[in-house]
file work-v4.cif (mmCIF, N, CA, C and O atoms)
data_structure
loop_
_atom_site.label_atom_id
_atom_site.label_comp_id
_atom_site.auth_asym_id
_atom_site.auth_seq_id
_atom_site.Cartn_x
_atom_site.Cartn_y
_atom_site.Cartn_z
N MET I 1 21.92 62.88 11.81
CA MET I 1 21.60 63.30 13.17
C MET I 1 22.81 63.09 14.09
O MET I 1 23.05 63.89 14.96
N ALA I 2 23.53 62.00 13.86
CA ALA I 2 24.70 61.73 14.71
C ALA I 2 25.78 62.77 14.49
O ALA I 2 26.44 63.19 15.45
N LEU I 3 25.95 63.20 13.25
CA LEU I 3 26.95 64.22 12.96
C LEU I 3 26.57 65.55 13.62
O LEU I 3 27.43 66.23 14.19
N ALA I 4 25.28 65.88 13.57
CA ALA I 4 24.82 67.11 14.23
C ALA I 4 25.07 67.03 15.73
O ALA I 4 25.52 68.00 16.35
N LEU I 5 24.79 65.87 16.32
CA LEU I 5 25.01 65.69 17.75
C LEU I 5 26.49 65.81 18.10
O LEU I 5 26.85 66.41 19.12
N LEU I 6 27.35 65.29 17.25
CA LEU I 6 28.80 65.40 17.48
C LEU I 6 29.25 66.86 17.42
O LEU I 6 29.99 67.33 18.29
N ILE I 7 28.80 67.58 16.40
CA ILE I 7 29.18 68.99 16.26
C ILE I 7 28.66 69.81 17.44
O ILE I 7 29.39 70.64 18.00
N LEU I 8 27.43 69.56 17.84
CA LEU I 8 26.86 70.29 18.98
C LEU I 8 27.60 69.95 20.27
O LEU I 8 27.84 70.83 21.11
N GLY I 9 27.98 68.70 20.44
CA GLY I 9 28.72 68.30 21.63
C GLY I 9 30.08 68.98 21.71
O GLY I 9 30.50 69.45 22.77
N ILE I 10 30.77 69.05 20.57
CA ILE I 10 32.06 69.75 20.55
C ILE I 10 31.86 71.23 20.83
O ILE I 10 32.63 71.85 21.57
N GLY I 11 30.79 71.81 20.26
CA GLY I 11 30.48 73.21 20.54
C GLY I 11 30.20 73.46 22.01
O GLY I 11 30.61 74.48 22.57
N LEU I 12 29.51 72.52 22.66
CA LEU I 12 29.25 72.68 24.10
C LEU I 12 30.55 72.59 24.90
O LEU I 12 30.73 73.33 25.87
N LEU I 13 31.44 71.69 24.50
CA LEU I 13 32.72 71.60 25.19
C LEU I 13 33.53 72.88 25.05
O LEU I 13 34.29 73.26 25.94
N MET I 14 33.36 73.55 23.90
CA MET I 14 34.05 74.81 23.66
C MET I 14 33.25 76.01 24.22
O MET I 14 33.66 77.15 24.03
N LYS I 15 32.12 75.71 24.86
CA LYS I 15 31.26 76.71 25.51
C LYS I 15 30.75 77.77 24.52
O LYS I 15 30.82 78.96 24.79
N LYS I 16 30.20 77.29 23.42
CA LYS I 16 29.64 78.18 22.41
C LYS I 16 28.13 78.29 22.63
O LYS I 16 27.44 77.27 22.79
N PRO I 17 27.58 79.51 22.63
CA PRO I 17 26.13 79.67 22.84
C PRO I 17 25.29 79.02 21.75
O PRO I 17 24.20 78.52 22.02
N TRP I 18 25.77 78.99 20.50
CA TRP I 18 25.01 78.36 19.42
C TRP I 18 24.85 76.87 19.67
O TRP I 18 23.86 76.27 19.26
N ALA I 19 25.81 76.26 20.36
CA ALA I 19 25.73 74.83 20.65
C ALA I 19 24.63 74.56 21.67
O ALA I 19 23.95 73.53 21.59
N ARG I 20 24.45 75.47 22.61
CA ARG I 20 23.38 75.32 23.60
C ARG I 20 22.02 75.36 22.94
O ARG I 20 21.19 74.48 23.13
N SER I 21 21.78 76.39 22.12
CA SER I 21 20.47 76.50 21.47
C SER I 21 20.27 75.38 20.46
O SER I 21 19.17 74.82 20.35
N GLY I 22 21.32 75.00 19.75
CA GLY I 22 21.22 73.89 18.81
C GLY I 22 20.93 72.57 19.51
O GLY I 22 20.16 71.74 19.01
N SER I 23 21.52 72.36 20.67
CA SER I 23 21.28 71.13 21.43
C SER I 23 19.85 71.07 21.95
O SER I 23 19.25 69.99 21.97
N ILE I 24 19.31 72.20 22.35
CA ILE I 24 17.92 72.22 22.81
C ILE I 24 16.98 71.92 21.64
O ILE I 24 16.02 71.14 21.79
N ILE I 25 17.25 72.49 20.49
CA ILE I 25 16.43 72.21 19.30
C ILE I 25 16.54 70.72 18.94
O ILE I 25 15.54 70.06 18.64
N TYR I 26 17.76 70.20 18.97
CA TYR I 26 17.98 68.78 18.69
C TYR I 26 17.18 67.91 19.67
O TYR I 26 16.58 66.90 19.26
N ALA I 27 17.16 68.30 20.93
CA ALA I 27 16.44 67.51 21.93
C ALA I 27 14.95 67.49 21.65
O ALA I 27 14.30 66.44 21.76
N TYR I 28 14.38 68.63 21.27
CA TYR I 28 12.95 68.67 20.95
C TYR I 28 12.64 67.80 19.72
O TYR I 28 11.64 67.09 19.69
N ILE I 29 13.51 67.85 18.73
CA ILE I 29 13.31 67.01 17.54
C ILE I 29 13.42 65.53 17.91
O ILE I 29 12.62 64.71 17.45
N ALA I 30 14.39 65.18 18.75
CA ALA I 30 14.56 63.79 19.17
C ALA I 30 13.35 63.29 19.95
O ALA I 30 12.93 62.14 19.79
N ILE I 31 12.78 64.16 20.79
CA ILE I 31 11.57 63.77 21.54
C ILE I 31 10.41 63.53 20.58
O ILE I 31 9.68 62.53 20.70
N ALA I 32 10.23 64.42 19.61
CA ALA I 32 9.14 64.26 18.64
C ALA I 32 9.30 62.97 17.84
O ALA I 32 8.34 62.21 17.66
N ILE I 33 10.52 62.68 17.39
CA ILE I 33 10.76 61.46 16.62
C ILE I 33 10.54 60.23 17.50
O ILE I 33 9.97 59.23 17.05
N GLY I 34 10.97 60.29 18.75
CA GLY I 34 10.78 59.16 19.67
C GLY I 34 9.31 58.86 19.91
O GLY I 34 8.89 57.70 19.91
N ILE I 35 8.52 59.90 20.09
CA ILE I 35 7.08 59.71 20.30
C ILE I 35 6.43 59.15 19.04
O ILE I 35 5.60 58.22 19.12
N LEU I 36 6.80 59.67 17.88
CA LEU I 36 6.25 59.15 16.62
C LEU I 36 6.64 57.69 16.41
O LEU I 36 5.82 56.90 15.93
N ASN I 37 7.85 57.32 16.77
CA ASN I 37 8.28 55.92 16.66
C ASN I 37 7.44 55.01 17.55
O ASN I 37 7.06 53.92 17.14
N MET I 38 7.17 55.46 18.77
CA MET I 38 6.34 54.63 19.67
C MET I 38 4.93 54.47 19.11
O MET I 38 4.35 53.38 19.17
N ILE I 39 4.36 55.54 18.57
CA ILE I 39 3.03 55.47 17.97
C ILE I 39 3.05 54.52 16.77
O ILE I 39 2.13 53.70 16.60
N PHE I 40 4.10 54.60 15.97
CA PHE I 40 4.24 53.72 14.81
C PHE I 40 4.33 52.26 15.23
O PHE I 40 3.69 51.39 14.64
N ILE I 41 5.10 51.97 16.26
CA ILE I 41 5.25 50.58 16.74
C ILE I 41 3.92 50.05 17.25
O ILE I 41 3.53 48.91 16.95
N VAL I 42 3.21 50.84 18.02
CA VAL I 42 1.91 50.40 18.53
C VAL I 42 0.96 50.15 17.36
O VAL I 42 0.20 49.18 17.35
N GLY I 43 1.00 51.01 16.35
CA GLY I 43 0.14 50.84 15.19
C GLY I 43 0.45 49.57 14.42
O GLY I 43 -0.45 48.87 13.95
N ILE I 44 1.74 49.26 14.28
CA ILE I 44 2.12 48.05 13.54
C ILE I 44 1.68 46.79 14.26
O ILE I 44 1.16 45.85 13.66
N PHE I 45 1.87 46.75 15.56
CA PHE I 45 1.58 45.53 16.31
C PHE I 45 0.15 45.49 16.87
O PHE I 45 -0.20 44.53 17.56
N SER I 46 -0.67 46.49 16.60
CA SER I 46 -2.01 46.51 17.18
C SER I 46 -2.88 45.38 16.66
O SER I 46 -3.77 44.90 17.37
N ASP I 47 -2.65 44.90 15.44
CA ASP I 47 -3.43 43.77 14.91
C ASP I 47 -3.19 42.51 15.73
O ASP I 47 -4.09 41.70 15.92
N GLY I 48 -1.98 42.34 16.22
CA GLY I 48 -1.65 41.17 17.03
C GLY I 48 -2.28 41.20 18.40
O GLY I 48 -2.46 40.16 19.03
N LEU I 49 -2.65 42.38 18.88
CA LEU I 49 -3.31 42.46 20.19
C LEU I 49 -4.69 41.83 20.15
O LEU I 49 -5.12 41.23 21.12
N ALA I 50 -5.39 41.97 19.03
CA ALA I 50 -6.73 41.40 18.91
C ALA I 50 -6.68 39.88 19.00
O ALA I 50 -7.59 39.25 19.54
N SER I 51 -5.61 39.29 18.49
CA SER I 51 -5.48 37.83 18.53
C SER I 51 -4.68 37.36 19.74
O SER I 51 -4.40 36.17 19.87
N SER I 52 -4.31 38.26 20.64
CA SER I 52 -3.52 37.96 21.83
C SER I 52 -2.21 37.26 21.48
O SER I 52 -1.77 36.34 22.18
N ASP I 53 -1.59 37.69 20.41
CA ASP I 53 -0.31 37.13 19.97
C ASP I 53 0.79 37.61 20.92
O ASP I 53 1.02 38.81 21.07
N PRO I 54 1.50 36.68 21.60
CA PRO I 54 2.55 37.08 22.54
C PRO I 54 3.67 37.88 21.89
O PRO I 54 4.24 38.77 22.51
N ALA I 55 3.99 37.60 20.63
CA ALA I 55 5.04 38.34 19.95
C ALA I 55 4.63 39.80 19.75
O ALA I 55 5.44 40.72 19.89
N ALA I 56 3.35 40.01 19.43
CA ALA I 56 2.86 41.38 19.24
C ALA I 56 2.87 42.14 20.56
O ALA I 56 3.27 43.31 20.60
N ILE I 57 2.46 41.49 21.62
CA ILE I 57 2.46 42.14 22.93
C ILE I 57 3.89 42.47 23.35
O ILE I 57 4.18 43.57 23.83
N GLY I 58 4.80 41.54 23.13
CA GLY I 58 6.22 41.79 23.44
C GLY I 58 6.80 42.90 22.60
O GLY I 58 7.58 43.72 23.09
N GLY I 59 6.39 42.97 21.33
CA GLY I 59 6.86 44.03 20.46
C GLY I 59 6.39 45.40 20.92
O GLY I 59 7.15 46.37 20.91
N ILE I 60 5.14 45.47 21.34
CA ILE I 60 4.60 46.75 21.82
C ILE I 60 5.28 47.16 23.12
O ILE I 60 5.72 48.30 23.27
N VAL I 61 5.37 46.23 24.05
CA VAL I 61 6.00 46.55 25.34
C VAL I 61 7.45 46.95 25.14
O VAL I 61 7.92 47.97 25.67
N GLY I 62 8.18 46.18 24.35
CA GLY I 62 9.58 46.49 24.11
C GLY I 62 9.76 47.81 23.38
O GLY I 62 10.65 48.60 23.71
N GLY I 63 8.90 48.07 22.41
CA GLY I 63 9.00 49.31 21.66
C GLY I 63 8.70 50.53 22.50
O GLY I 63 9.39 51.55 22.42
N VAL I 64 7.67 50.43 23.33
CA VAL I 64 7.30 51.58 24.17
C VAL I 64 8.33 51.79 25.29
O VAL I 64 8.77 52.92 25.52
N VAL I 65 8.74 50.72 25.94
CA VAL I 65 9.73 50.86 27.03
C VAL I 65 11.07 51.35 26.45
O VAL I 65 11.69 52.26 27.01
N GLY I 66 11.48 50.78 25.33
CA GLY I 66 12.71 51.24 24.69
C GLY I 66 12.62 52.69 24.26
O GLY I 66 13.57 53.45 24.39
N GLY I 67 11.45 53.07 23.74
CA GLY I 67 11.25 54.46 23.35
C GLY I 67 11.31 55.41 24.52
O GLY I 67 11.89 56.50 24.43
N LEU I 68 10.72 55.01 25.64
CA LEU I 68 10.76 55.85 26.84
C LEU I 68 12.18 56.00 27.38
O LEU I 68 12.58 57.09 27.80
N VAL I 69 12.94 54.91 27.34
CA VAL I 69 14.34 54.98 27.78
C VAL I 69 15.12 55.91 26.85
O VAL I 69 15.97 56.70 27.30
N GLY I 70 14.82 55.86 25.55
CA GLY I 70 15.49 56.72 24.59
C GLY I 70 15.17 58.19 24.75
O GLY I 70 15.90 59.05 24.26
N LEU I 71 14.09 58.51 25.45
CA LEU I 71 13.71 59.91 25.68
C LEU I 71 14.43 60.53 26.87
O LEU I 71 14.36 61.75 27.06
N ILE I 72 15.12 59.73 27.65
CA ILE I 72 15.79 60.25 28.85
C ILE I 72 16.84 61.30 28.49
O ILE I 72 16.87 62.39 29.06
N TYR I 73 17.71 60.99 27.52
CA TYR I 73 18.79 61.92 27.16
C TYR I 73 18.26 63.27 26.66
O TYR I 73 18.69 64.31 27.15
N PRO I 74 17.32 63.29 25.70
CA PRO I 74 16.83 64.60 25.25
C PRO I 74 16.12 65.40 26.34
O PRO I 74 16.27 66.63 26.41
N ILE I 75 15.39 64.73 27.21
CA ILE I 75 14.70 65.43 28.29
C ILE I 75 15.72 66.04 29.25
O ILE I 75 15.61 67.21 29.65
N LEU I 76 16.74 65.27 29.62
CA LEU I 76 17.78 65.80 30.50
C LEU I 76 18.57 66.93 29.83
O LEU I 76 18.98 67.89 30.49
N THR I 77 18.76 66.83 28.52
CA THR I 77 19.44 67.90 27.79
C THR I 77 18.67 69.20 27.93
O THR I 77 19.25 70.26 28.20
N ILE I 78 17.36 69.14 27.73
CA ILE I 78 16.53 70.35 27.84
C ILE I 78 16.58 70.89 29.26
O ILE I 78 16.74 72.10 29.48
N ILE I 79 16.48 70.01 30.25
CA ILE I 79 16.48 70.45 31.65
C ILE I 79 17.80 71.14 32.00
O ILE I 79 17.82 72.25 32.54
N PHE I 80 18.92 70.49 31.68
CA PHE I 80 20.21 71.04 32.08
C PHE I 80 20.60 72.28 31.29
O PHE I 80 21.13 73.23 31.85
N LEU I 81 20.34 72.28 29.99
CA LEU I 81 20.75 73.43 29.18
C LEU I 81 19.80 74.62 29.32
O LEU I 81 20.13 75.72 28.88
N SER I 82 18.63 74.41 29.90
CA SER I 82 17.71 75.52 30.15
C SER I 82 18.01 76.21 31.48
O SER I 82 17.39 77.22 31.80
N ASN I 83 18.92 75.67 32.24
CA ASN I 83 19.30 76.23 33.52
C ASN I 83 19.92 77.62 33.29
O ASN I 83 20.82 77.77 32.46
N PRO I 84 19.46 78.64 34.02
CA PRO I 84 20.01 79.99 33.84
C PRO I 84 21.52 80.06 34.08
O PRO I 84 22.21 80.86 33.46
N ASN I 85 22.03 79.24 34.98
CA ASN I 85 23.47 79.25 35.25
C ASN I 85 24.28 78.78 34.04
O ASN I 85 25.36 79.30 33.76
N VAL I 86 23.76 77.81 33.31
CA VAL I 86 24.44 77.32 32.12
C VAL I 86 24.43 78.40 31.04
O VAL I 86 25.46 78.67 30.41
N LYS I 87 23.29 79.02 30.85
CA LYS I 87 23.19 80.09 29.86
C LYS I 87 24.14 81.24 30.20
O LYS I 87 24.85 81.76 29.34
N ALA I 88 24.19 81.61 31.46
CA ALA I 88 25.08 82.69 31.89
C ALA I 88 26.54 82.31 31.70
O ALA I 88 27.36 83.14 31.29
N ALA I 89 26.89 81.07 31.98
CA ALA I 89 28.28 80.63 31.82
C ALA I 89 28.70 80.69 30.35
O ALA I 89 29.82 81.10 30.04
N LEU I 90 27.81 80.32 29.45
CA LEU I 90 28.15 80.37 28.03
C LEU I 90 28.27 81.81 27.54
O LEU I 90 29.14 82.11 26.74
N GLU I 91 27.43 82.69 28.03
CA GLU I 91 27.51 84.10 27.63
C GLU I 91 28.76 84.74 28.21
O GLU I 91 29.42 85.53 27.54
N ARG I 92 29.11 84.40 29.45
CA ARG I 92 30.31 84.93 30.09
C ARG I 92 31.56 84.50 29.34
O ARG I 92 32.48 85.26 29.14
N ARG I 93 31.58 83.28 28.90
CA ARG I 93 32.74 82.71 28.20
C ARG I 93 33.01 83.46 26.90
O ARG I 93 34.15 83.66 26.52
N ASN I 94 31.96 83.90 26.24
CA ASN I 94 32.14 84.54 24.93
C ASN I 94 32.40 86.02 25.03
O ASN I 94 32.76 86.66 24.06
N ARG I 95 32.23 86.63 26.18
CA ARG I 95 32.55 88.05 26.36
C ARG I 95 34.01 88.24 26.66
O ARG I 95 34.55 89.32 26.51
N VAL I 96 34.67 87.20 27.14
CA VAL I 96 36.07 87.31 27.53
C VAL I 96 36.98 87.24 26.34
O VAL I 96 36.75 86.79 25.32
#

call {"tool": "encode", "arguments": {"input": "work-v4.cif", "output": "structure tokens"}}
result
Amino acid sequence: MALALLILGIGLLMKKPWARSGSIIYAYIAIAIGILNMIFIVGIFSDGLASSDPAAIGGIVGGVVGGLVGLIYPILTIIFLSNPNVKAALERRNRV
């Protein structure tokens, strides 16, 4: 995944349209994986909630908050790269 992100980032710097669409796809995949990770963490530590185990509560809170912070980049990627001005700039660059 890191190699794909590196290639897409270089493509965006070179203003390639394939990098824009690839980055948006990457962002959707990253969001899906992040949500699944949060569900997995809650599932693992849910037994500790019944016993009011502080470590389990901390694990759930840390996992969910960390997961939400990790979703910021993919969400912003989708927002910025879906902007019509960005799409137009990439198309303009490749016609020249």

call {"tool": "atom_distance", "arguments": {"input": "work-v4.cif", "atom1": "CA of Leu5 (chain I)", "atom2": "CA of Ala32 (chain I)"}}
result
16.0 Å

call {"tool": "atom_distance", "arguments": {"input": "work-v4.cif", "atom1": "atom O of Asp47 (chain I)", "atom2": "CA of Gly59 (chain I)"}}
result
12.1 Å

call {"tool": "atom_distance", "arguments": {"input": "work-v4.cif", "atom1": "CA of Leu68 (chain I)", "atom2": "CA of Leu13 (chain I)"}}
result
27.1 Å

call {"tool": "residues_around", "arguments": {"input": "work-v4.cif", "residues": "Gly34 (chain I)", "least_positions_apart": "3", "cutoff": "7 Å", "atoms": "only N, CA, C and O atoms", "output": "VMD selection string"}}
result
chain I and resid 28 to 31 37 to 40 63 67 to 68 70 to 71

call {"tool": "resolve_selection", "arguments": {"input": "work-v4.cif", "expression": "the PyMOL selection byres (((chain I and resi 75-81 and name CA) around 8) and name CA)", "output": "PyMOL selection string"}}
result
chain I and resi 20+23-24+27-28+31+71-74+82-83+86-87

call {"tool": "write_last_selection", "arguments": {"input": "work-v4.cif", "atoms": "N, CA, C and O atoms", "output": "tab-separated table (two decimals), in the coordinates of the input"}}
result
chain	number	residue	atom	x	y	z
I	20	ARG	N	24.45	75.47	22.61
I	20	ARG	CA	23.38	75.32	23.60
I	20	ARG	C	22.02	75.36	22.94
I	20	ARG	O	21.19	74.48	23.13
I	23	SER	N	21.52	72.36	20.67
I	23	SER	CA	21.28	71.13	21.43
I	23	SER	C	19.85	71.07	21.95
I	23	SER	O	19.25	69.99	21.97
I	24	ILE	N	19.31	72.20	22.35
I	24	ILE	CA	17.92	72.22	22.81
I	24	ILE	C	16.98	71.92	21.64
I	24	ILE	O	16.02	71.14	21.79
I	27	ALA	N	17.16	68.30	20.93
I	27	ALA	CA	16.44	67.51	21.93
I	27	ALA	C	14.95	67.49	21.65
I	27	ALA	O	14.30	66.44	21.76
I	28	TYR	N	14.38	68.63	21.27
I	28	TYR	CA	12.95	68.67	20.95
I	28	TYR	C	12.64	67.80	19.72
I	28	TYR	O	11.64	67.09	19.69
I	31	ILE	N	12.78	64.16	20.79
I	31	ILE	CA	11.57	63.77	21.54
I	31	ILE	C	10.41	63.53	20.58
I	31	ILE	O	9.68	62.53	20.70
I	71	LEU	N	14.09	58.51	25.45
I	71	LEU	CA	13.71	59.91	25.68
I	71	LEU	C	14.43	60.53	26.87
I	71	LEU	O	14.36	61.75	27.06
I	72	ILE	N	15.12	59.73	27.65
I	72	ILE	CA	15.79	60.25	28.85
I	72	ILE	C	16.84	61.30	28.49
I	72	ILE	O	16.87	62.39	29.06
I	73	TYR	N	17.71	60.99	27.52
I	73	TYR	CA	18.79	61.92	27.16
I	73	TYR	C	18.26	63.27	26.66
I	73	TYR	O	18.69	64.31	27.15
I	74	PRO	N	17.32	63.29	25.70
I	74	PRO	CA	16.83	64.60	25.25
I	74	PRO	C	16.12	65.40	26.34
I	74	PRO	O	16.27	66.63	26.41
I	82	SER	N	18.63	74.41	29.90
I	82	SER	CA	17.71	75.52	30.15
I	82	SER	C	18.01	76.21	31.48
I	82	SER	O	17.39	77.22	31.80
I	83	ASN	N	18.92	75.67	32.24
I	83	ASN	CA	19.30	76.23	33.52
I	83	ASN	C	19.92	77.62	33.29
I	83	ASN	O	20.82	77.77	32.46
I	86	VAL	N	23.76	77.81	33.31
I	86	VAL	CA	24.44	77.32	32.12
I	86	VAL	C	24.43	78.40	31.04
I	86	VAL	O	25.46	78.67	30.41
I	87	LYS	N	23.29	79.02	30.85
I	87	LYS	CA	23.19	80.09	29.86
I	87	LYS	C	24.14	81.24	30.20
I	87	LYS	O	24.85	81.76	29.34

call {"tool": "closest_residue", "arguments": {"input": "work-v4.cif", "among": "I:Gly62, I:Gly43, I:Pro54, I:Pro17", "to": "Leu90 (chain I)", "atoms": "all atoms listed in the file"}}
result
I:Pro17

call {"tool": "build_atoms", "arguments": {"input": "work-v4.cif", "residues": "region 39-49 of chain I", "atoms": "all heavy atoms", "output": "compact mmCIF listing (two decimals), keeping the file's coordinate frame"}}
result
# COMPACT_ATOMS: atom_id res chain seq x y z
N ILE I 39 4.36 55.54 18.57
CA ILE I 39 3.03 55.47 17.97
C ILE I 39 3.05 54.52 16.77
O ILE I 39 2.13 53.70 16.60
CB ILE I 39 2.55 56.88 17.55
CG1 ILE I 39 2.29 57.72 18.79
CG2 ILE I 39 1.30 56.79 16.68
CD1 ILE I 39 2.06 59.20 18.50
N PHE I 40 4.10 54.60 15.97
CA PHE I 40 4.24 53.72 14.81
C PHE I 40 4.33 52.26 15.23
O PHE I 40 3.69 51.39 14.64
CB PHE I 40 5.49 54.15 14.03
CG PHE I 40 5.71 53.40 12.76
CD1 PHE I 40 4.84 53.55 11.69
CD2 PHE I 40 6.80 52.56 12.62
CE1 PHE I 40 5.04 52.86 10.51
CE2 PHE I 40 7.01 51.87 11.44
CZ PHE I 40 6.13 52.01 10.38
N ILE I 41 5.10 51.97 16.26
CA ILE I 41 5.25 50.58 16.74
C ILE I 41 3.92 50.05 17.25
O ILE I 41 3.53 48.91 16.95
CB ILE I 41 6.34 50.50 17.83
CG1 ILE I 41 7.71 50.67 17.20
CG2 ILE I 41 6.27 49.18 18.59
CD1 ILE I 41 8.84 50.84 18.18
N VAL I 42 3.21 50.84 18.02
CA VAL I 42 1.91 50.40 18.53
C VAL I 42 0.96 50.15 17.36
O VAL I 42 0.20 49.18 17.35
CB VAL I 42 1.33 51.43 19.53
CG1 VAL I 42 -0.11 51.10 19.87
CG2 VAL I 42 2.18 51.47 20.79
N GLY I 43 1.00 51.01 16.35
CA GLY I 43 0.14 50.84 15.19
C GLY I 43 0.45 49.57 14.42
O GLY I 43 -0.45 48.87 13.95
N ILE I 44 1.74 49.26 14.28
CA ILE I 44 2.12 48.05 13.54
C ILE I 44 1.68 46.79 14.26
O ILE I 44 1.16 45.85 13.66
CB ILE I 44 3.65 48.01 13.32
CG1 ILE I 44 4.05 49.05 12.29
CG2 ILE I 44 4.12 46.64 12.88
CD1 ILE I 44 5.54 49.16 12.08
N PHE I 45 1.87 46.75 15.56
CA PHE I 45 1.58 45.53 16.31
C PHE I 45 0.15 45.49 16.87
O PHE I 45 -0.20 44.53 17.56
CB PHE I 45 2.58 45.37 17.47
CG PHE I 45 3.96 45.02 17.00
CD1 PHE I 45 4.99 45.95 17.07
CD2 PHE I 45 4.24 43.76 16.49
CE1 PHE I 45 6.26 45.63 16.64
CE2 PHE I 45 5.51 43.44 16.06
CZ PHE I 45 6.53 44.37 16.13
N SER I 46 -0.67 46.49 16.60
CA SER I 46 -2.01 46.51 17.18
C SER I 46 -2.88 45.38 16.66
O SER I 46 -3.77 44.90 17.37
CB SER I 46 -2.68 47.86 16.92
OG SER I 46 -2.85 48.05 15.53
N ASP I 47 -2.65 44.90 15.44
CA ASP I 47 -3.43 43.77 14.91
C ASP I 47 -3.19 42.51 15.73
O ASP I 47 -4.09 41.70 15.92
CB ASP I 47 -3.07 43.50 13.45
CG ASP I 47 -3.48 44.64 12.54
OD1 ASP I 47 -4.38 45.41 12.94
OD2 ASP I 47 -2.90 44.76 11.45
N GLY I 48 -1.98 42.34 16.22
CA GLY I 48 -1.65 41.17 17.03
C GLY I 48 -2.28 41.20 18.40
O GLY I 48 -2.46 40.16 19.03
N LEU I 49 -2.65 42.38 18.88
CA LEU I 49 -3.31 42.46 20.19
C LEU I 49 -4.69 41.83 20.15
O LEU I 49 -5.12 41.23 21.12
CB LEU I 49 -3.42 43.92 20.65
CG LEU I 49 -2.14 44.57 21.13
CD1 LEU I 49 -2.40 46.03 21.48
CD2 LEU I 49 -1.57 43.84 22.31
